[in-house]
file entry.csv (CSV, C-alpha atoms)
chain,number,residue,atom,x,y,z
E,1,MET,CA,27.0,-16.9,46.8
E,2,ALA,CA,28.8,-15.4,43.8
E,3,ARG,CA,26.1,-17.0,41.5
E,4,SER,CA,23.4,-15.4,43.6
E,5,ALA,CA,25.1,-12.0,43.3
E,6,ARG,CA,25.4,-12.3,39.5
E,7,LEU,CA,21.7,-13.3,39.3
E,8,LEU,CA,20.7,-10.3,41.4
E,9,THR,CA,22.8,-8.0,39.3
E,10,ALA,CA,21.2,-9.4,36.1
E,11,LEU,CA,17.7,-8.8,37.5
E,12,LEU,CA,18.5,-5.2,38.4
E,13,LEU,CA,19.9,-4.6,34.9
E,14,LEU,CA,16.7,-6.1,33.4
E,15,LEU,CA,14.5,-3.8,35.6
E,16,LEU,CA,16.5,-0.8,34.4
E,17,VAL,CA,16.2,-1.8,30.7
E,18,LEU,CA,12.4,-2.6,30.7
E,19,PRO,CA,11.2,1.0,31.2
E,20,VAL,CA,13.3,2.1,28.3
E,21,CYS,CA,11.9,-0.6,26.1
E,22,ALA,CA,8.4,0.3,27.1
E,23,LYS,CA,9.0,3.9,26.4
E,24,GLY,CA,10.3,3.1,22.9
E,25,ALA,CA,7.2,1.1,22.2
E,26,GLU,CA,4.9,3.9,23.3
E,27,THR,CA,2.0,4.9,20.9
E,28,LEU,CA,1.7,8.6,20.4
E,29,VAL,CA,-1.8,10.1,20.5
E,30,LEU,CA,-2.7,12.9,18.1
E,31,ASN,CA,-6.0,14.7,17.7
E,32,THR,CA,-7.1,15.6,14.2
E,33,ALA,CA,-9.2,18.6,13.1
E,34,ALA,CA,-10.2,16.8,9.9
E,35,ARG,CA,-13.6,15.2,9.6
E,36,ALA,CA,-15.2,12.8,7.1
E,37,PRO,CA,-14.2,12.0,4.4
E,38,ARG,CA,-10.7,13.1,5.2
E,39,SER,CA,-10.6,11.5,8.6
E,40,LEU,CA,-12.9,8.7,9.8
E,41,PRO,CA,-13.8,7.5,13.3
E,42,ASP,CA,-12.4,4.1,12.5
E,43,GLY,CA,-9.0,5.6,11.5
E,44,ASN,CA,-9.3,4.7,7.9
E,45,GLY,CA,-9.7,8.1,6.3
E,46,PRO,CA,-7.0,9.2,3.8
E,47,GLN,CA,-5.5,11.7,6.3
E,48,ASP,CA,-5.4,9.0,9.0
E,49,HIS,CA,-3.4,6.8,6.7
E,50,ILE,CA,-1.0,9.5,5.6
E,51,VAL,CA,-0.2,10.5,9.2
E,52,LYS,CA,0.2,6.9,10.3
E,53,GLU,CA,2.4,6.0,7.4
E,54,ALA,CA,4.7,9.0,8.0
E,55,PHE,CA,5.1,8.0,11.7
E,56,HIS,CA,5.5,4.3,10.7
E,57,ARG,CA,8.5,5.3,8.4
E,58,ILE,CA,10.3,6.8,11.4
E,59,GLY,CA,9.5,3.8,13.6
E,60,VAL,CA,6.8,5.4,15.7
E,61,GLU,CA,3.2,4.1,16.2
E,62,VAL,CA,0.4,6.7,16.4
E,63,SER,CA,-3.2,6.7,17.3
E,64,ILE,CA,-5.5,9.4,15.9
E,65,ILE,CA,-8.4,10.6,17.9
E,66,THR,CA,-11.2,13.2,17.2
E,67,GLN,CA,-11.7,15.9,19.8
E,68,PRO,CA,-13.4,19.2,19.3
E,69,PRO,CA,-10.9,21.3,17.4
E,70,GLU,CA,-10.3,23.9,20.1
E,71,ARG,CA,-10.1,21.3,22.9
E,72,GLY,CA,-7.6,19.2,20.8
E,73,LEU,CA,-5.2,22.2,20.5
E,74,ILE,CA,-5.4,22.9,24.2
E,75,ASN,CA,-4.9,19.3,25.2
E,76,ALA,CA,-1.9,19.0,22.8
E,77,ASP,CA,-0.4,22.3,24.1
E,78,GLU,CA,-0.8,21.2,27.7
E,79,GLY,CA,0.8,17.8,26.9
E,80,ARG,CA,-2.3,15.7,27.7
E,81,ILE,CA,-1.9,14.3,24.2
E,82,ASP,CA,1.1,14.2,22.0
E,83,GLY,CA,0.1,16.5,19.2
E,84,ASP,CA,-2.5,17.7,16.8
E,85,CYS,CA,-2.8,17.4,13.0
E,86,TRP,CA,-4.6,18.8,10.0
E,87,ARG,CA,-3.9,22.4,11.1
E,88,VAL,CA,-2.9,25.6,9.3
E,89,ALA,CA,0.5,27.2,10.0
E,90,GLY,CA,1.0,29.7,12.9
E,91,HIS,CA,-0.5,27.8,15.9
E,92,SER,CA,2.8,27.8,17.7
E,93,GLU,CA,2.4,31.5,18.5
E,94,GLN,CA,-0.8,30.9,20.5
E,95,TYR,CA,0.2,27.5,21.7
E,96,PRO,CA,4.0,27.8,22.4
E,97,ASN,CA,4.4,24.1,23.5
E,98,LEU,CA,3.5,22.9,20.0
E,99,VAL,CA,6.1,22.5,17.2
E,100,MET,CA,5.0,22.4,13.6
E,101,VAL,CA,6.4,19.8,11.2
E,102,PRO,CA,7.4,22.0,8.2
E,103,GLU,CA,6.2,19.7,5.4
E,104,PRO,CA,2.4,19.9,4.9
E,105,VAL,CA,0.3,16.8,4.9
E,106,ASP,CA,-2.6,18.2,2.9
E,107,VAL,CA,-4.1,21.2,1.2
E,108,ALA,CA,-7.6,22.4,2.2
E,109,THR,CA,-10.0,25.1,1.1
E,110,ILE,CA,-12.7,27.0,2.8
E,111,LYS,CA,-16.0,27.6,1.0
E,112,ALA,CA,-19.2,29.4,1.9
E,113,PHE,CA,-22.3,27.1,1.9
E,114,THR,CA,-25.7,28.7,1.7
E,115,ARG,CA,-29.4,28.0,1.1
E,116,ASP,CA,-30.0,31.5,-0.5
E,117,PRO,CA,-29.9,31.2,-4.3
E,118,ALA,CA,-29.2,34.9,-4.6
E,119,LEU,CA,-26.3,35.1,-2.1
E,120,ALA,CA,-22.8,35.7,-3.5
E,121,VAL,CA,-19.6,35.7,-1.6
E,122,ALA,CA,-16.1,36.0,-3.1
E,123,THR,CA,-14.1,37.6,-0.3
E,124,TRP,CA,-14.1,37.7,3.5
E,125,ALA,CA,-15.5,41.2,3.4
E,126,ASP,CA,-18.5,40.0,1.5
E,127,LEU,CA,-19.6,38.1,4.6
E,128,LYS,CA,-20.3,41.2,6.6
E,129,PRO,CA,-24.1,41.5,5.8
E,130,TYR,CA,-24.8,37.9,6.8
E,131,ASN,CA,-25.3,35.6,9.8
E,132,VAL,CA,-22.3,33.3,9.7
E,133,ALA,CA,-21.2,30.1,11.5
E,134,TYR,CA,-18.2,27.8,11.5
E,135,LEU,CA,-16.5,25.2,13.6
E,136,ASN,CA,-15.1,26.3,16.9
E,137,GLY,CA,-11.3,26.0,16.9
E,138,TRP,CA,-10.7,26.7,13.2
E,139,LYS,CA,-8.2,29.5,13.7
E,140,ILE,CA,-7.9,30.6,10.1
E,141,LEU,CA,-11.6,31.6,10.3
E,142,ASP,CA,-11.1,33.3,13.7
E,143,ALA,CA,-8.4,35.4,12.0
E,144,SER,CA,-10.4,36.1,8.8
E,145,VAL,CA,-14.0,36.6,9.7
E,146,HIS,CA,-14.9,39.9,11.3
E,147,GLY,CA,-17.8,42.3,11.4
E,148,THR,CA,-20.5,40.0,10.3
E,149,ARG,CA,-24.1,40.6,11.3
E,150,SER,CA,-23.8,37.7,13.7
E,151,LEU,CA,-21.2,34.9,14.2
E,152,LEU,CA,-21.6,31.5,15.8
E,153,ARG,CA,-18.9,28.9,16.5
E,154,VAL,CA,-20.3,25.4,16.8
E,155,LYS,CA,-18.9,22.1,18.0
E,156,SER,CA,-19.7,19.9,15.0
E,157,ILE,CA,-20.3,19.9,11.3
E,158,ASP,CA,-23.8,18.4,11.9
E,159,ALA,CA,-24.7,21.3,14.1
E,160,LEU,CA,-23.3,23.7,11.5
E,161,PHE,CA,-25.5,22.4,8.7
E,162,ALA,CA,-28.5,22.0,11.1
E,163,LEU,CA,-28.3,25.8,11.6
E,164,LEU,CA,-28.1,26.4,7.9
E,165,ASP,CA,-30.9,24.0,7.1
E,166,LYS,CA,-33.2,25.7,9.6
E,167,GLU,CA,-32.2,29.1,8.2
E,168,ARG,CA,-30.8,30.3,11.5
E,169,ILE,CA,-27.7,31.4,9.6
E,170,ASP,CA,-27.1,32.6,6.1
E,171,VAL,CA,-23.6,31.1,5.6
E,172,ALA,CA,-21.7,28.1,6.9
E,173,LEU,CA,-18.0,28.1,6.4
E,174,VAL,CA,-16.2,24.8,6.0
E,175,ASP,CA,-13.9,22.6,4.0
E,176,PRO,CA,-16.0,21.6,0.9
E,177,LEU,CA,-15.1,17.9,1.1
E,178,MET,CA,-16.3,17.8,4.7
E,179,GLY,CA,-19.3,19.9,3.8
E,180,TRP,CA,-20.5,17.6,1.0
E,181,ALA,CA,-20.0,14.5,3.1
E,182,ALA,CA,-22.1,16.1,5.9
E,183,LEU,CA,-24.9,17.1,3.4
E,184,GLN,CA,-25.0,13.5,2.0
E,185,ARG,CA,-25.0,12.0,5.5
E,186,LEU,CA,-27.7,14.3,6.8
E,187,ARG,CA,-29.6,14.1,3.5
E,188,LEU,CA,-30.0,17.8,3.2
E,189,LYS,CA,-31.1,19.4,0.0
E,190,GLY,CA,-31.0,22.9,-1.4
E,191,ILE,CA,-27.6,23.8,0.0
E,192,ARG,CA,-24.8,24.8,-2.3
E,193,ALA,CA,-21.1,25.7,-2.0
E,194,LEU,CA,-20.2,29.1,-3.4
E,195,GLU,CA,-17.3,29.9,-5.8
E,196,PRO,CA,-14.6,31.0,-5.6
E,197,PRO,CA,-13.1,29.4,-2.4
E,198,LEU,CA,-12.4,32.0,0.3
E,199,THR,CA,-9.0,30.6,1.0
E,200,ARG,CA,-6.6,27.7,0.3
E,201,GLN,CA,-4.3,26.6,3.0
E,202,ASP,CA,-1.6,24.0,3.5
E,203,MET,CA,-2.3,21.7,6.5
E,204,TYR,CA,0.3,20.5,9.0
E,205,ILE,CA,1.1,18.2,11.9
E,206,TYR,CA,2.0,19.7,15.3
E,207,LEU,CA,3.8,17.8,18.1
E,208,HIS,CA,4.2,18.7,21.7
E,209,LYS,CA,7.7,20.0,22.4
E,210,ARG,CA,8.7,16.9,24.3
E,211,HIS,CA,8.7,15.2,20.9
E,212,ALA,CA,10.6,18.0,19.1
E,213,GLY,CA,13.3,15.4,18.2
E,214,LEU,CA,10.9,13.7,15.9
E,215,VAL,CA,10.1,16.8,13.8
E,216,PRO,CA,13.1,16.6,11.4
E,217,LYS,CA,12.5,12.8,10.9
E,218,LEU,CA,8.8,13.3,10.3
E,219,ASP,CA,9.5,16.2,7.9
E,220,ALA,CA,11.8,14.0,5.9
E,221,ALA,CA,9.3,11.1,5.9
E,222,LEU,CA,6.6,13.3,4.5
E,223,ARG,CA,8.9,14.7,1.8
E,224,GLU,CA,9.7,11.2,0.8
E,225,MET,CA,6.0,10.2,0.7
E,226,LYS,CA,5.3,13.1,-1.6
E,227,ARG,CA,8.2,12.2,-3.9
E,228,ASP,CA,7.3,8.5,-4.1
E,229,GLY,CA,3.6,9.3,-4.7
E,230,THR,CA,2.3,7.8,-1.4
E,231,ILE,CA,0.4,10.9,-0.3
E,232,LYS,CA,-1.3,11.3,-3.7
E,233,ARG,CA,-2.2,7.6,-3.8
E,234,LEU,CA,-3.6,7.5,-0.2
E,235,THR,CA,-5.6,10.6,-0.9
E,236,GLN,CA,-7.1,9.4,-4.1
E,237,ASP,CA,-7.8,5.9,-2.8
E,238,GLY,CA,-9.4,7.2,0.4
E,239,LEU,CA,-11.8,9.8,-0.9
E,240,PRO,CA,-15.2,8.7,-2.1
E,241,GLN,CA,-15.4,8.9,-5.9
E,242,ALA,CA,-18.9,10.4,-5.6
E,243,ALA,CA,-17.7,13.4,-3.6
E,244,PRO,CA,-17.0,16.6,-5.4
E,245,ILE,CA,-13.1,16.9,-5.4
E,246,GLU,CA,-13.0,20.6,-4.6
E,247,ALA,CA,-10.0,20.9,-2.3
E,248,GLY,CA,-7.1,20.6,-4.6
E,249,GLN,CA,-6.8,16.8,-4.6

call {"tool": "encode", "arguments": {"input": "entry.csv", "output": "structure tokens"}}
result
Amino acid sequence: MARSARLLTALLLLLLVLPVCAKGAETLVLNTAARAPRSLPDGNGPQDHIVKEAFHRIGVEVSIITQPPERGLINADEGRIDGDCWRVAGHSEQYPNLVMVPEPVDVATIKAFTRDPALAVATWADLKPYNVAYLNGWKILDASVHGTRSLLRVKSIDALFALLDKERIDVALVDPLMGWAALQRLRLKGIRALEPPLTRQDMYIYLHKRHAGLVPKLDAALREMKRDGTIKRLTQDGLPQAAPIEAGQ
């Protein structure tokens, strides 16, 4: 009888411990706003490796998915996924459930792409006479682009450059590394990126507030990765050598 009681107690304790172990082994799911060549569908882009390595150093596994940029932020804020990465600072104001990791994971620029050989753009104000488009959910562009002749927000880089190739817009705004990758993939000719860049921004990871306890650890891991050269190495190794390195890498 005593033996049966001890066995029952042991089984009950095991049942209590198992959920805790399962929770500890949970894989976090983060959306990314980055696209090729920075982030790849198979998870082997340089930004994918940087984010995964940072989480690995704090003992957390992470899966990176690609949702439309606006939808990714909403899903992260609502807790449907665990976070969102490759974002500019300031999203916590509009999405209060998201906590930004202070150490940036990357630096990106925005350039104007055009087919018009005479078109020149050096500031946001220079865009006003033109028909402009960019990716929906890129908040830095929502905040910066105003008063243009027309403005479209599209769901994909392919759609963005299709509009430009068909001359339905005058200017496409995008990170140049992603822009050049799309042009090569789509085999489009006669499109150029204008100088100077319109902006240069640090990019960050955001976590849902339920994971706020991970933020200091992740911040420290990213700082360590910067000090030991991991971020630089993963970035240089992951970007195609043929791509114009125009985003501060």

call {"tool": "closest_residue", "arguments": {"input": "entry.csv", "among": "E:Asp82, E:Gly190, E:Val62, E:Ile205", "to": "Leu222 of chain E", "atoms": "all atoms listed in the file"}}
result
E:Ile205

call {"tool": "residues_near_point", "arguments": {"input": "entry.csv", "point": "(-4.0, 11.0, 1.4)", "cutoff": "9 Å", "atoms": "all atoms listed in the file", "output": "list in words"}}
result
Arg38, Gly45, Pro46, Gln47, Asp48, His49, Ile50, Val51, Val105, Asp106, Thr230, Ile231, Lys232, Arg233, Leu234, Thr235, Gln236, Asp237, Gly238, Leu239 and Gln249 of chain E

call {"tool": "residues_around", "arguments": {"input": "entry.csv", "residues": "Lys139 of chain E", "least_positions_apart": "3", "cutoff": "8 Å", "atoms": "all atoms listed in the file", "output": "ChimeraX atom specification"}}
result
/E:88,142-143

call {"tool": "atom_distance", "arguments": {"input": "entry.csv", "atom1": "atom CA of Leu141 of chain E", "atom2": "atom CA of Arg187 of chain E"}}
result
26.0 Å

call {"tool": "residues_around", "arguments": {"input": "entry.csv", "residues": "segment 148-152 of chain E", "least_positions_apart": "3", "cutoff": "7 Å", "atoms": "only C-alpha atoms", "output": "JSON, numbers by chain"}}
result
{"E": [127, 128, 129, 130, 131, 132, 133, 134]}

call {"tool": "closest_residue", "arguments": {"input": "entry.csv", "among": "E:Lys209, E:Ala120, E:Val101, E:Ala112", "to": "Leu160 of chain E", "atoms": "all atoms listed in the file"}}
result
E:Ala112

call {"tool": "closest_residue", "arguments": {"input": "entry.csv", "among": "E:Ala162, E:Ala221, E:Ala54, E:Leu30", "to": "His208 of chain E", "atoms": "only C-alpha atoms"}}
result
E:Leu30

call {"tool": "residues_around", "arguments": {"input": "entry.csv", "residues": "Tyr204 of chain E", "least_positions_apart": "3", "cutoff": "7 Å", "atoms": "all atoms listed in the file", "output": "list in words"}}
result
Cys85, Trp86, Arg87, Val88, Ala89, Met100, Val101, Glu103, Pro104 and Val105 of chain E

call {"tool": "build_atoms", "arguments": {"input": "entry.csv", "residues": "segment 98-127 of chain E", "atoms": "N, CA and C atoms", "output": "mmCIF file, in the frame of the given file"}}
result
data_model
loop_
_atom_site.group_PDB
_atom_site.id
_atom_site.type_symbol
_atom_site.label_atom_id
_atom_site.label_comp_id
_atom_site.auth_asym_id
_atom_site.auth_seq_id
_atom_site.Cartn_x
_atom_site.Cartn_y
_atom_site.Cartn_z
ATOM 1 N N LEU E 98 3.681 23.725 21.167
ATOM 2 C CA LEU E 98 3.500 22.900 20.000
ATOM 3 C C LEU E 98 4.541 23.298 18.909
ATOM 4 N N VAL E 99 5.133 22.285 18.286
ATOM 5 C CA VAL E 99 6.100 22.500 17.200
ATOM 6 C C VAL E 99 5.569 21.951 15.928
ATOM 7 N N MET E 100 5.578 22.788 14.900
ATOM 8 C CA MET E 100 5.000 22.400 13.600
ATOM 9 C C MET E 100 6.013 21.629 12.768
ATOM 10 N N VAL E 101 5.553 20.538 12.162
ATOM 11 C CA VAL E 101 6.400 19.800 11.200
ATOM 12 C C VAL E 101 6.286 20.603 9.872
ATOM 13 N N PRO E 102 7.422 21.042 9.313
ATOM 14 C CA PRO E 102 7.400 22.000 8.200
ATOM 15 C C PRO E 102 6.719 21.489 6.913
ATOM 16 N N GLU E 103 6.795 20.196 6.637
ATOM 17 C CA GLU E 103 6.200 19.700 5.400
ATOM 18 C C GLU E 103 4.692 19.483 5.573
ATOM 19 N N PRO E 104 3.865 20.083 4.713
ATOM 20 C CA PRO E 104 2.400 19.900 4.900
ATOM 21 C C PRO E 104 1.959 18.500 4.553
ATOM 22 N N VAL E 105 0.836 18.121 5.164
ATOM 23 C CA VAL E 105 0.300 16.800 4.900
ATOM 24 C C VAL E 105 -0.934 16.864 3.970
ATOM 25 N N ASP E 106 -1.419 18.069 3.689
ATOM 26 C CA ASP E 106 -2.600 18.200 2.900
ATOM 27 C C ASP E 106 -2.788 19.643 2.447
ATOM 28 N N VAL E 107 -3.715 19.867 1.542
ATOM 29 C CA VAL E 107 -4.100 21.200 1.200
ATOM 30 C C VAL E 107 -5.658 21.255 1.299
ATOM 31 N N ALA E 108 -6.166 22.278 1.965
ATOM 32 C CA ALA E 108 -7.600 22.400 2.200
ATOM 33 C C ALA E 108 -8.085 23.767 1.717
ATOM 34 N N THR E 109 -9.344 23.845 1.393
ATOM 35 C CA THR E 109 -10.000 25.100 1.100
ATOM 36 C C THR E 109 -11.105 25.382 2.035
ATOM 37 N N ILE E 110 -11.513 26.627 2.106
ATOM 38 C CA ILE E 110 -12.700 27.000 2.800
ATOM 39 C C ILE E 110 -13.699 27.593 1.824
ATOM 40 N N LYS E 111 -14.919 27.075 1.838
ATOM 41 C CA LYS E 111 -16.000 27.600 1.000
ATOM 42 C C LYS E 111 -17.170 28.034 1.846
ATOM 43 N N ALA E 112 -17.951 28.960 1.311
ATOM 44 C CA ALA E 112 -19.200 29.400 1.900
ATOM 45 C C ALA E 112 -20.330 28.505 1.402
ATOM 46 N N PHE E 113 -21.084 27.887 2.309
ATOM 47 C CA PHE E 113 -22.300 27.100 1.900
ATOM 48 C C PHE E 113 -23.513 27.950 2.316
ATOM 49 N N THR E 114 -24.544 27.906 1.487
ATOM 50 C CA THR E 114 -25.700 28.700 1.700
ATOM 51 C C THR E 114 -26.977 28.024 1.144
ATOM 52 N N ARG E 115 -28.147 28.416 1.654
ATOM 53 C CA ARG E 115 -29.400 28.000 1.100
ATOM 54 C C ARG E 115 -29.969 29.098 0.131
ATOM 55 N N ASP E 116 -29.454 30.308 0.276
ATOM 56 C CA ASP E 116 -30.000 31.500 -0.500
ATOM 57 C C ASP E 116 -29.499 31.439 -1.902
ATOM 58 N N PRO E 117 -30.384 31.271 -2.878
ATOM 59 C CA PRO E 117 -29.900 31.200 -4.300
ATOM 60 C C PRO E 117 -29.370 32.488 -4.812
ATOM 61 N N ALA E 118 -29.661 33.608 -4.138
ATOM 62 C CA ALA E 118 -29.200 34.900 -4.600
ATOM 63 C C ALA E 118 -27.898 35.352 -3.924
ATOM 64 N N LEU E 119 -27.489 34.630 -2.900
ATOM 65 C CA LEU E 119 -26.300 35.100 -2.100
ATOM 66 C C LEU E 119 -25.040 34.817 -2.877
ATOM 67 N N ALA E 120 -24.144 35.800 -2.860
ATOM 68 C CA ALA E 120 -22.800 35.700 -3.500
ATOM 69 C C ALA E 120 -21.748 36.159 -2.588
ATOM 70 N N VAL E 121 -20.715 35.352 -2.436
ATOM 71 C CA VAL E 121 -19.600 35.700 -1.600
ATOM 72 C C VAL E 121 -18.301 35.320 -2.293
ATOM 73 N N ALA E 122 -17.406 36.290 -2.439
ATOM 74 C CA ALA E 122 -16.100 36.000 -3.100
ATOM 75 C C ALA E 122 -14.937 36.373 -2.210
ATOM 76 N N THR E 123 -15.150 37.186 -1.171
ATOM 77 C CA THR E 123 -14.100 37.600 -0.300
ATOM 78 C C THR E 123 -14.601 37.541 1.172
ATOM 79 N N TRP E 124 -13.673 37.616 2.124
ATOM 80 C CA TRP E 124 -14.100 37.700 3.500
ATOM 81 C C TRP E 124 -14.979 38.857 3.804
ATOM 82 N N ALA E 125 -14.674 39.990 3.197
ATOM 83 C CA ALA E 125 -15.500 41.200 3.400
ATOM 84 C C ALA E 125 -16.908 41.031 2.962
ATOM 85 N N ASP E 126 -17.133 40.179 1.973
ATOM 86 C CA ASP E 126 -18.500 40.000 1.500
ATOM 87 C C ASP E 126 -19.394 39.284 2.496
ATOM 88 N N LEU E 127 -18.806 38.737 3.562
ATOM 89 C CA LEU E 127 -19.600 38.100 4.600
ATOM 90 C C LEU E 127 -20.281 39.013 5.553
#
